[in-house]
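K.L.:
Sharing a structure with you now.
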Amino acid sequence: MIDRQEIMRIARLARLELTEEEIEQHRRDLNQFLASCAKLQEVEVGDTTVGYTIPAATQTLREDELTPSLPQAEVLAGGPCVEGGFFRVPRIVEEGE
C-alpha cells in the first residue's frame, strides 16, 4: 500500500509540487492501480494456449527513383517571407553561441 510519504518522495524525485488534494488523489489512484494488478496475478493461466501470433516486423522499402525537383520559384511561392531566393525565418540563435 502506498502512503502519503511515498507519494511525496516520488513527487520530490520528479520535481513536482503537489497540493494536499493532489497527494491524496495520487495515493488513491496508485493504490487502486496496484489492487487491480494484484487481482490480475490471481488469474490462472497455466492451461491457456495462445490464440494469436504477432507477425515478425518487416519493413518494406520502395526502390530509390530519381525524379525531377520542383522549380525554385514554385517552392518559394509557398513561403510567407522570401528574400534572395531563400525563406526568411526569425533568428533563434543568439550572437556568440
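Each chain in the C-alpha cells gets a letter, A, B and so on, in the order shown; residues start at 1 in every chain, and ligands are counted from 1 in the order they appear.
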Looking only at the backbone, which of the residues in chain A does DSSP tag as strand (DSSP E or B), as number ranges by chain?

P.N.:
A: 82-83, 86-87

K.L.:
Please produce a file of the residues just selected, as a PDB file, in the first residue's frame, where the atoms kept are C-alpha atoms.

P.N.:
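Listed below is the output, part.pdb:
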ATOM      1  CA  VAL A  82      11.175  35.088 -49.224  1.00  0.00           C
ATOM      2  CA  GLU A  83      14.394  37.042 -49.638  1.00  0.00           C
ATOM      3  CA  PHE A  86      15.590  31.743 -49.680  1.00  0.00           C
ATOM      4  CA  PHE A  87      12.927  31.534 -46.972  1.00  0.00           C
TER       5      PHE A  87
END

K.L.:
If I take CA of Glu24 (chain A) and CA of Arg4 (chain A), how far is one from the other in Å, to one decimal?

P.N.:
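Spanning CA of Glu24 (chain A) to CA of Arg4 (chain A) is a straight-line distance of 7.2 Å.
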